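Worksheet: the structure to be examined is printed underneath.
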Amino acid sequence: MDPMTLPYIRILVGTMTGTAQLVAQELELSWDDGETRVETLLMDRLDSSVFRAGGVFLICTSTYGQGDVPDNAKALFEDLKAKRPDLRGVRYGVFGLGDRTYAQTFNFGGKLFDDLLTELGASRVGERVQHDASSGTLPEEVAAEWGAGWLEQLRAAVVV
């Protein structure tokens, strides 16, 4: 990506209850400012071809059941595992949502995507966020604070 072009970020949302979608909407509102273009897509009906052109992605996902990705993210996750596309042209971040009271599987939805994207050659920007629902903080507020710093890290990574 040419450092002079405006960053274009696709936020891919895996959610069961809508909380991850609220986080994505908060990030889209704060990032889509004329300097950065943002598109939020629910993972429903997405497959690995969403990554075909490369670019910048934020995986915003909750964890469901026994440490699984949400139902609407399963097809995308399984397609990535099966087709194993070369994602060297992809930069990404992960905003995971979970509940630490489920200690054995805390934030595994984000972890599963993070591990798989790295395995396929994508480059993560910044650390994986692991929001804890039992912490008393609202995930969309955490996202708003985190988002500005991540965007700076992204811009620095793209220039390199």
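Please note that chains go A, B, ... in the order of the structure tokens, that every chain numbers its residues from 1, and that ligands are numbered from 1 in the order shown.
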- Item | Non-local contacts of range 27-34 of chain A (7 Å; only C-alpha atoms; under 5 positions in same chain excluded) as a list in words | Ala143, Ala144 and Gly147 of chain A
Since we have the selection now, will you write its residues out, keeping N, CA and C atoms, as a PDB file, in the first residue's frame?
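For reference, out_23.pdb as written:
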```pdb
ATOM      1  N   ALA A 143     -12.835   0.139  22.857  1.00  0.00           N
ATOM      2  CA  ALA A 143     -12.496   0.206  21.436  1.00  0.00           C
ATOM      3  C   ALA A 143     -12.194   1.634  21.004  1.00  0.00           C
ATOM      4  N   ALA A 144     -12.976   2.582  21.475  1.00  0.00           N
ATOM      5  CA  ALA A 144     -12.760   3.981  21.096  1.00  0.00           C
ATOM      6  C   ALA A 144     -11.383   4.454  21.561  1.00  0.00           C
ATOM      7  N   GLY A 147      -8.673   2.383  19.537  1.00  0.00           N
ATOM      8  CA  GLY A 147      -8.701   2.580  18.091  1.00  0.00           C
ATOM      9  C   GLY A 147      -7.728   3.611  17.552  1.00  0.00           C
TER      10      GLY A 147
END
```
- Message: For Asp115 in chain A, find every residue with an atom within 12 Å (counting only C-alpha atoms), except residues of its own chain fewer than 2 positions away, and show them as a PyMOL selection string.
- Response: chain A and resi 59+77+80-81+92-94+108-113+117-124+128
- Message: Taking 5 positions as the minimum chain separation for residues in the same chain, which residues sit within 6 Å of Ala20 in chain A when counting only C-alpha atoms? Answer as a list in words.
- Response: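 The residues that qualify are Thr15, Cys60 and Thr61 of chain A.
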- Task: Between CA of Gly14 in chain A and CA of Gly96 in chain A, measure the distance and give it in Å to one decimal.
- Result: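 Atom-to-atom, CA of Gly14 in chain A and CA of Gly96 in chain A are spaced 9.5 Å apart.
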- Could you give me the residues within chain A that DSSP places in strand (DSSP E), as a PyMOL selection string? chain A and resi 8-14+37-42+55-61+90-98+123-124+129-132
Can you write out the residues you just picked, keeping C-alpha atoms, as a compact mmCIF listing (two decimals), in the first residue's frame?
```txt
# COMPACT_ATOMS: atom_id res chain seq x y z
CA TYR A 8 -9.02 1.43 3.70
CA ILE A 9 -10.00 -0.84 6.57
CA ARG A 10 -12.52 -3.65 6.45
CA ILE A 11 -13.90 -4.60 9.86
CA LEU A 12 -15.11 -8.20 9.82
CA VAL A 13 -17.60 -8.90 12.61
CA GLY A 14 -18.22 -12.23 14.30
CA ARG A 37 -12.19 4.74 4.76
CA VAL A 38 -13.89 1.98 6.73
CA GLU A 39 -16.31 -0.74 5.72
CA THR A 40 -17.93 -2.99 8.32
CA LEU A 41 -19.02 -6.44 7.20
CA LEU A 42 -20.76 -9.10 9.24
CA GLY A 55 -5.33 -4.84 2.39
CA VAL A 56 -6.14 -4.01 5.98
CA PHE A 57 -8.64 -5.85 8.14
CA LEU A 58 -9.81 -5.74 11.72
CA ILE A 59 -11.29 -8.96 13.06
CA CYS A 60 -13.84 -7.97 15.69
CA THR A 61 -15.22 -11.13 17.22
CA VAL A 90 -2.91 -8.75 4.44
CA ARG A 91 -2.34 -6.61 7.53
CA TYR A 92 -4.80 -7.09 10.33
CA GLY A 93 -5.74 -6.42 13.92
CA VAL A 94 -7.94 -8.34 16.33
CA PHE A 95 -10.44 -6.97 18.82
CA GLY A 96 -11.66 -9.98 20.78
CA LEU A 97 -14.55 -10.08 23.18
CA GLY A 98 -14.88 -12.64 25.94
CA SER A 123 0.88 -9.59 9.41
CA ARG A 124 -0.77 -8.47 12.62
CA VAL A 129 -7.23 -6.86 22.25
CA GLN A 130 -8.93 -9.16 24.74
CA HIS A 131 -11.91 -7.33 26.20
CA ASP A 132 -13.33 -8.92 29.34
```
- Name the residues in contact with Lys83 in chain A at a cut-off of 12 Å, using only C-alpha atoms, excluding same-chain residues fewer than 4 positions from it; report them as a list in words. Asp47, Ser48, Ser49, Phe51, Arg52, Ala75, Leu76, Phe77, Glu78, Asp79, Leu87, Leu116 and Leu120 of chain A
- Point out the residue among A:Asp114, A:Asp71, A:Glu127, A:Glu152 with the least atom-to-atom distance to Met16 in chain A, counting only C-alpha atoms.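 Among the listed residues, the smallest separation from Met16 in chain A belongs to A:Asp71.
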